[in-house]
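Some notes on the structure that comes next.
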Amino acid sequence: MIVKPRIRGFICTTAHPAGCAANVRAQISSVAPLANGPKKVLVLGASGGYGLASRIVAAFGAGAETLGVSFERAPTPKRTASAGWYNNIAFEQAAAERGVYAKTLDGDAFSDAMKAAVIDEIRESLGQIDLLVYSLASPVRQHPRTGVLHRSAIKPLGETFHVKTLNQDTGEVSEVDLLPATEEETAATVAVMGGEDWEFWIDALRDAGVLAPGFRTLSYTYIGSELTWPIYWQATLGKAKEDLDRAARAINERLSDLTGEARVVVLKAVVTQASSAIPVVPLYFALLFRVMKEAGNHEDCIAHIERLFHTALYGDGPVDSYLDDVARIRMDDWELSAEIQAEVTRRWPIVAGHNVGELADLDGIRGDFLKIFGFGIDGVDYEADVDPTVGRG
């Protein structure tokens, strides 16, 4: 079939097999060698965004053996798979070409069954792991102990939040009112996006004896600036992020006998399918990207994670220089620099539909969104017939 992007609201329902593969290959080709990096790595949420970037840097920078977990939609003869399906195949093929172990397990990472399957694979193929990257992004979680299906709600707390937002498809800038969350919605968001599942993973892996001495684990998060705090920090998401901090402290205690370490890592803004659906965020991201590109310090996923691995994680300098007052690793320092934020804040009140193309990187965030699904990649023939069932079976 000839695959074109089909966008419904904030979702693209198609993915291009060749485009996804080309995007993965391009990221791989950009990675520099990493001395003294991780050797055996588990990535939860490995099929896209920061999870995929971490797997690429570990495997193709440090030569690490990697095991990934993701939950993907398989293709049919008449329907494409999810983008992550094609990304995983492309990653595994590239790893095989270099003779590096890479395997991906597809399924619900929140389930006890997946934890057991991962432990079996580590024992059989890796022995022990020295790094776990927790980069899951899901709006729902079925609790493995209670069976309750929790659904997150990205809402402010306490009172209605009135704010500007951007429709990235039309370029329209408008104002919206976001109603506050209930206590039940807040608790559900913490259950989905907080630190409990991260703790469950560490407990299961530790009890199984598959964590190497000096083991490290990271959980990725985003906090943003004062412009987005009412929806990212002073909101249901903020409560989930506070729970990540709690979980990091608890995990550190559990890893003490391994001389292990758990860190929450605060990353910079990047376009994801989820971020496009959150009011405020597309407009802030569009302004931010334009300002950072003008300043020459904008990073995409792979460049940002490469900086993380080469500096705070496996660099020569002390990790303490990257920590904030609650021991998170802060890689959002360029985004939150005084100069960048001052210019974004200056543009915020004056941006409107008639000047958004001048003040903000509207084309950039649109392009980044399409690239998630394998579209807009240089060198790909989007008029050619492709087999959507690549990798099936």
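So you can find residues: chains in the structure tokens are A, B, ... in the order shown, residues in each start at 1, and ligands are numbered from 1 in order.
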
Range 13-128 of chain A near range 307-322 of chain A within 12 Å: what's each residue's closest atom pair and its distance in Å to one decimal, counting only C-alpha atoms, ordered by chain then ascending residue number, as CSV?
```
residue,atom,partner,partner_atom,distance
A:Val31,CA,A:Arg307,CA,10.4
A:Ala32,CA,A:His310,CA,9.4
A:Pro33,CA,A:His310,CA,9.4
A:Leu34,CA,A:His310,CA,6.8
A:Ala35,CA,A:Tyr314,CA,7.9
A:Asn36,CA,A:Tyr314,CA,6.6
A:Gly37,CA,A:Tyr314,CA,5.8
A:Pro38,CA,A:Tyr314,CA,8.3
A:Lys39,CA,A:Tyr314,CA,11.8
A:Tyr50,CA,A:Leu308,CA,11.0
A:Ala53,CA,A:Phe309,CA,10.7
A:Ser54,CA,A:Phe309,CA,8.4
A:Arg55,CA,A:Phe309,CA,11.0
A:Ile56,CA,A:Phe309,CA,11.2
A:Val57,CA,A:Phe309,CA,7.7
A:Ala58,CA,A:Phe309,CA,8.3
A:Ala59,CA,A:Phe309,CA,11.9
A:Gly61,CA,A:Phe309,CA,9.4
A:Ala62,CA,A:Phe309,CA,9.7
```

Range 14-25 of chain A surroundings by only C-alpha atoms, 7 Å radius, close-in-sequence under 4 positions cut, as a compact mmCIF listing (two decimals) with C-alpha atoms, in the first residue's frame:
```
# COMPACT_ATOMS: atom_id res chain seq x y z
CA VAL A 3 1.02 4.96 3.29
CA PRO A 5 -0.40 10.19 7.50
CA ARG A 6 -3.97 9.98 8.76
CA SER A 29 24.37 7.23 12.54
CA THR A 80 -0.05 -0.40 9.34
CA ALA A 81 1.45 -1.27 12.68
CA SER A 82 2.17 1.34 15.31
CA ALA A 83 5.34 3.33 14.74
CA TYR A 86 8.61 -0.63 12.98
CA ASN A 87 11.14 1.19 15.18
CA ALA A 90 14.74 -1.41 12.55
CA PHE A 91 16.72 -1.24 15.79
CA PHE A 373 5.26 8.09 12.70
CA GLY A 374 7.92 7.90 10.01
CA PHE A 375 6.74 10.77 7.81
CA ILE A 377 12.06 11.76 6.64
CA VAL A 380 12.09 8.16 1.79
CA PRO A 388 2.90 -2.86 6.08
```

Please list as a PyMOL selection string every residue within 7 Å of His298 in chain A, counting only C-alpha atoms and excluding residues in the same chain fewer than 3 positions away. chain A and resi 289+292-293

Using only N, CA and C atoms, please write the residues we just selected to a file, as a short mmCIF file (atom, residue, chain, number, x, y, z; two decimals), in the first residue's frame.
```cif
data_model
loop_
_atom_site.label_atom_id
_atom_site.label_comp_id
_atom_site.auth_asym_id
_atom_site.auth_seq_id
_atom_site.Cartn_x
_atom_site.Cartn_y
_atom_site.Cartn_z
N PHE A 289 11.12 26.07 21.03
CA PHE A 289 11.98 25.51 19.98
C PHE A 289 12.53 26.62 19.09
N MET A 292 15.26 28.42 21.13
CA MET A 292 16.45 27.60 21.31
C MET A 292 17.19 27.42 19.98
N LYS A 293 16.45 27.28 18.89
CA LYS A 293 17.11 27.16 17.59
C LYS A 293 17.83 28.46 17.23
#
```

Residues near Tyr222 in chain A, cut-off 10 Å, only C-alpha atoms, skip fewer than 3 positions along chain, as an NGL selection string: :A and (225 or 232-233 or 237-238 or 241 or 264-270 or 330-332)

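We find CA of Glu226 in chain A and CA of Pro156 in chain A to be spaced 13.7 Å apart.
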
Measuring atom to atom with only C-alpha atoms, identify which of A:Ala191, A:Leu244, A:Ile329, A:Leu131 is nearest to Thr217 in chain A. A:Leu131

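Taking only range 87-154 of chain A, the residues that DSSP calls helix (DSSP H, G or I) from the backbone come to Asn87, Asn88, Ile89, Ala90, Phe91, Glu92, Gln93, Ala94, Ala95, Ala96, Glu97, Asp112, Ala113, Met114, Lys115, Ala116, Ala117, Val118, Ile119, Asp120, Glu121, Ile122, Arg123, Glu124, Ser125 and Leu126 of chain A.
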